[in-house]
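Heads up: the structure comes next, in structure tokens.
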Amino acid sequence: MLKDEVIKILHSVGIRTSKEVLEVPPQEIFGDIAFPCFGLAKQEHKNPQEIAGELVNRIRISKNPLIIKTEARGGYVNFFFYWEKVGEKILSQILSRRKINIGNRKKIMIEYSQPNPVHPMHIGHARGTFLGDALANIYDYLGYRTIRANYMNDIGLQVARLVAAYKLWAENKKPKGKPDFWLWQYYVKFHEELSKNAKLDEKARELLRKFELERNKATIKIWNKIVKWCVQGFNESYRNLGIKFHVYFYENEFREAGKSLVDKALNNEIAFRSPENAIVANLEKYGLPNCILLRSDGTGLYITSDLGLTFKKFQKYQLDKSVWAVSSQQNLHFKQLFKILELLDYKFVKDCEHFSFEHVNLPEGKMSSREGKAVMLDEVITSLTKQALEEVEKRNPRLSKQKKLGIAKKIAVGALKYSILKIEPENSITFDWKQMLSFEGNTGPYLQYAHTRCLGILKKAKKHQIVLFSKLSLHEKQLIKVLMNFDDVLLDSAKNYRPNFICNYAYEIATAFSNFYQNCPVLKANDKKQRDFRLTLVMTTKIVLENSLKLLGIKVPERM
RNA sequence: GGACCUGUAGCUCAGAUUGGACAGAGCAGCUUCCUCCUAAGACGAUUAUAGGCAAAGAAGGUCGUGGGUUCAAAUCCCACCAGGUCCGCCA
């Protein structure tokens with residue numbers, strides 16, 4: 001907003017420049033917005049400070065009521081704003097809950113989470129799940145019609161192995177406890193046995209042929225039953241996390257569609273039949289490795305179904321855009337997938353994007369569910385909830401047990417989501433229990449706490465009038481400066497697929513608010529007008545902080 | 001061998017897309033206060049109680065290494081080093 005004003009002024013004196021050039025100076029004494037004159041200096045072969053001086057003389061500040069003065073300093077033109085007026089504008093915008101609608105009801109599908117229905121979700125799945133969910137929240141907020149999709153790889157060899165394990169050791173048994181955990185033990189056992197006896201995999205491959213090619217009824221029945229159990233387990237975890245999907249895709253339903261695309265690729269000579277009788281996409285001339293689209297026995301692979309699914313997604317939902325939140329391990333897969341679809345001449349490829357993120361590792365190295373070496377998501381939530389409950393007990397001993405648990409859950413889930421979302425997606429995370437369980441510093445609970453403080457003050461104040469204009473102290477001004485940035489941060493975060501921008505921003509709000517209330521008494525302000533203004537400021541802070549946390553999928557408790 | 005990502009304080013990270021005025025946080029550690037400070041929580045006249053993560057302060061960095069471009073480089077380019085990921089029948 002400030003930058004727009006500066007651009008206007010610069011235009012009026014004949015300087016054509018864009019918002020990106022302007023800077024926010026690092027110190028108060030340099031003003032609020034700075035225009036660097038180094039570029040002009042080069043063009044005109046002059047000293048930058050000289051140019052800045054000339055500009056200041058040409059700018060008639062009296063034209064703009066928001067600006068107090070301009071100053072040439074160190075080759076910059078520094079603009080000083082009239083913060084009381086700026087603040088008035090910003091606060092009223094926030095209170096009117098004006099939203100930026102850049103989505104225009106465009107349809108965007110975000111596919112995320114995609115757990116393998118053979119074992120419980122581990123902490124790595126949590127990352128993709130939270131990132132995808134936050135991104136969906138962000139696009140929702142921006143006025144897109146967002147379809148949240150989950151995808152179950154229910155047909156690969158890994159499921160065949162679990163089915164084989166079930167038939168070997170648990171035939172006709174029903175799950176005890178949470179089904180995904182119950183099934184996991186058989187999955188691990190299968191891989192243990194497999195390492196001793198490689199022939200065991202023959203059973204799995206046979207089951208896969210029966211399921212996919214022969215469509216053997218008995219196999220399909222037992223197969224689907226196991227997948228269903230696993231998905232039941234996932235849904236319980238999603239409920240705990242407050243995550244919902246609009247649609248679940250099952251891989252086996254898209255394999256046929258995929259195979260017909262493979263046929264088309266073969267006919268159009270995009271793919272060829274290898275000497276071993278597999279069907280291979282010829283991508284080498286496009287700088288990508290070739291990739292197998294169909295096994296020599298005629299069964300499909302992961303990419304086979306993904307081809308079919310992508311085609312169906314656009315056909316059925318008439319999407320304007322489709323995003324896959326999937327780990328960086330599959331960077332190549334998506335390049336190949338998109339390239340093949342492009343070669344098949346599907347125009348929707350330009351609206352496909354892979355939102356890639358790095359892994360979550362354990363301190364001792366990679367996680368492996370098949371070896372039983374993984375930190376499971378449910379386990380983390382349970383520990384966090386337990387710890388949060390202890391804290392809540394300490395602080396609110398008089399609340400009912402149910403209320404305490406409700407608060408503890410919000411804190412636990414908030415802590416987990418924030419700790420994962422705040423890390424830049426391209427950085428890998430090393431899971432650390434000690435850090436995960438921390439509620440201090442730059443953590444979710446700290447932000448939730450700042451929000452409940454806002455609530456506490458407002459509640460205690462009862463009624464007050466909205467006052468937008470007041471002489472500002474330093475801390476009030478700094479808080480307003482932060483609140484002003486919400487739109488820019490949001491757009492940046494959406495454009496770059498970076499929910500962590502919002503995390504950083506929410507932390508800035510909490511810090512600025514913290515400084516504000518420590519230095520500016522609200523309820524004990526000097527006079528009624530100041531008190532009402534400060535209450536208005538608390539109210540706007542609450543709105544912006546709550547919005548930011550909601551975008552991250554973090555709920556705000558009424559008390560803590 | 002090829003491709004991509006990462007390397008910033010003791011630890012965990014932000015800043016890099018858009019080069020800009022002293023490279024920012026959190027945690028740990030250190031110093032001081034604890035006869036002080038805070039309580040916008042509970043009780044309720046004074047009292048009492050609790051916390052110190054709701055105290056104050058300082059310190060800590062060859063931005064992996066070496067070159068280059070530029071008035072200006074953590075940021076852009078090149079090379080190298082280290083870690084991670086991927087590269088024909090896993091997903």
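Please note that chains go A, B, ... in the order of the structure tokens, that every chain numbers its residues from 1, and that ligands are numbered from 1 in the order shown.
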Residues near U69 of chain B, cut-off 12 Å, only C-alpha atoms (C1' of nucleotides), skip fewer than 3 positions along chain, as a list in words
G19, A72, A73, C76, C77 and C78 of chain B
Print the selection's residues with N, CA, C and O atoms (P, O5', C5', C4', C3', O3' and C1' of nucleotides) to a file, as an mmCIF file, in the first residue's frame.
data_model
loop_
_atom_site.group_PDB
_atom_site.id
_atom_site.type_symbol
_atom_site.label_atom_id
_atom_site.label_comp_id
_atom_site.auth_asym_id
_atom_site.auth_seq_id
_atom_site.Cartn_x
_atom_site.Cartn_y
_atom_site.Cartn_z
ATOM 1 P P G B 19 17.482 -8.136 -8.081
ATOM 2 O "O5'" G B 19 18.435 -8.179 -6.806
ATOM 3 C "C5'" G B 19 18.458 -9.290 -5.921
ATOM 4 C "C4'" G B 19 19.603 -9.075 -4.960
ATOM 5 C "C3'" G B 19 19.563 -7.733 -4.258
ATOM 6 O "O3'" G B 19 20.043 -7.907 -2.935
ATOM 7 C "C1'" G B 19 21.523 -7.899 -5.557
ATOM 8 P P A B 72 31.650 -2.709 -7.075
ATOM 9 O "O5'" A B 72 30.450 -2.909 -6.046
ATOM 10 C "C5'" A B 72 30.634 -2.577 -4.666
ATOM 11 C "C4'" A B 72 29.366 -2.832 -3.905
ATOM 12 C "C3'" A B 72 28.856 -4.262 -3.967
ATOM 13 O "O3'" A B 72 29.498 -5.058 -3.002
ATOM 14 C "C1'" A B 72 27.076 -2.745 -4.367
ATOM 15 P P A B 73 29.816 -6.612 -3.360
ATOM 16 O "O5'" A B 73 28.380 -7.279 -3.292
ATOM 17 C "C5'" A B 73 27.619 -7.284 -2.081
ATOM 18 C "C4'" A B 73 26.974 -8.638 -1.898
ATOM 19 C "C3'" A B 73 27.969 -9.767 -1.668
ATOM 20 O "O3'" A B 73 27.382 -10.752 -0.817
ATOM 21 C "C1'" A B 73 26.795 -10.169 -3.663
ATOM 22 P P C B 76 20.961 -16.587 -6.110
ATOM 23 O "O5'" C B 76 21.514 -15.886 -7.435
ATOM 24 C "C5'" C B 76 20.630 -15.288 -8.360
ATOM 25 C "C4'" C B 76 21.398 -14.794 -9.557
ATOM 26 C "C3'" C B 76 22.479 -15.747 -10.066
ATOM 27 O "O3'" C B 76 21.946 -16.735 -10.923
ATOM 28 C "C1'" C B 76 23.380 -13.575 -9.873
ATOM 29 P P C B 77 22.607 -18.174 -10.976
ATOM 30 O "O5'" C B 77 23.928 -17.896 -11.831
ATOM 31 C "C5'" C B 77 23.861 -17.543 -13.196
ATOM 32 C "C4'" C B 77 25.253 -17.445 -13.762
ATOM 33 C "C3'" C B 77 26.151 -18.638 -13.468
ATOM 34 O "O3'" C B 77 25.930 -19.700 -14.383
ATOM 35 C "C1'" C B 77 27.323 -16.651 -12.975
ATOM 36 P P C B 78 26.157 -21.194 -13.896
ATOM 37 O "O5'" C B 78 27.743 -21.290 -13.866
ATOM 38 C "C5'" C B 78 28.494 -21.198 -15.067
ATOM 39 C "C4'" C B 78 29.972 -21.276 -14.756
ATOM 40 C "C3'" C B 78 30.385 -22.457 -13.901
ATOM 41 O "O3'" C B 78 30.513 -23.658 -14.653
ATOM 42 C "C1'" C B 78 31.425 -20.503 -13.089
#
Residues of chain B within 8 Å of chain A, using only C-alpha atoms (C1' of nucleotides), as a CSV table (one decimal) with C-alpha atoms (C1' of nucleotides), in the first residue's frame?
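After the write, result24.csv holds the following:
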chain,number,residue,atom,x,y,z
B,4,C,C1',18.0,-31.8,-9.0
B,5,C,C1',18.1,-29.9,-3.8
B,6,U,C1',20.8,-28.3,0.6
B,13,C,C1',16.2,-22.3,11.1
B,14,A,C1',14.7,-17.2,8.4
B,18,U,C1',13.1,-9.2,-7.0
B,20,G,C1',21.2,-2.4,-1.8
B,21,A,C1',22.2,1.2,3.8
B,25,A,C1',15.0,-15.2,15.0
B,26,G,C1',14.3,-19.3,18.5
B,27,C,C1',16.8,-22.8,21.7
B,40,A,C1',-4.7,-8.0,31.3
B,41,G,C1',-4.8,-15.7,35.7
B,53,C,C1',9.6,-19.6,29.0
B,71,C,C1',29.1,1.4,-7.6
B,85,U,C1',17.5,-37.4,-3.5
B,86,C,C1',16.6,-39.5,-8.4
B,87,C,C1',18.3,-42.0,-13.1
B,88,G,C1',14.2,-49.4,-17.2
B,89,C,C1',10.0,-53.3,-15.1
B,90,C,C1',9.4,-49.8,-6.5
B,91,A,C1',5.9,-45.9,-5.4
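Coordinates place atom CA of Gln478 of chain A at a distance of 10.3 Å from atom CA of Gly87 of chain A.
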Once DSSP has gone over the backbone, tell me which residues of segment 280-429 of chain A are in strand (DSSP E or B), as a VMD selection string.
chain A and resid 280 to 281 291 to 294 300 321 to 327 352 to 357 360 to 362 365 368 373 376 429
Who sits within 8 Å of Asp320 of chain A, only C-alpha atoms (C1' of nucleotides), same chain under 6 positions skipped, as a list in words:
Lys106, Lys107, Ile108 and Asp351 of chain A
Just write the chosen residues, C-alpha atoms, as an mmCIF file, in the first residue's frame.
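Wrote result.cif, looks like this:
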data_model
loop_
_atom_site.group_PDB
_atom_site.id
_atom_site.type_symbol
_atom_site.label_atom_id
_atom_site.label_comp_id
_atom_site.auth_asym_id
_atom_site.auth_seq_id
_atom_site.Cartn_x
_atom_site.Cartn_y
_atom_site.Cartn_z
ATOM 1 C CA LYS A 106 -11.260 -20.626 -10.854
ATOM 2 C CA LYS A 107 -11.043 -24.318 -10.121
ATOM 3 C CA ILE A 108 -7.876 -25.689 -8.653
ATOM 4 C CA ASP A 351 -1.804 -26.088 -15.863
#
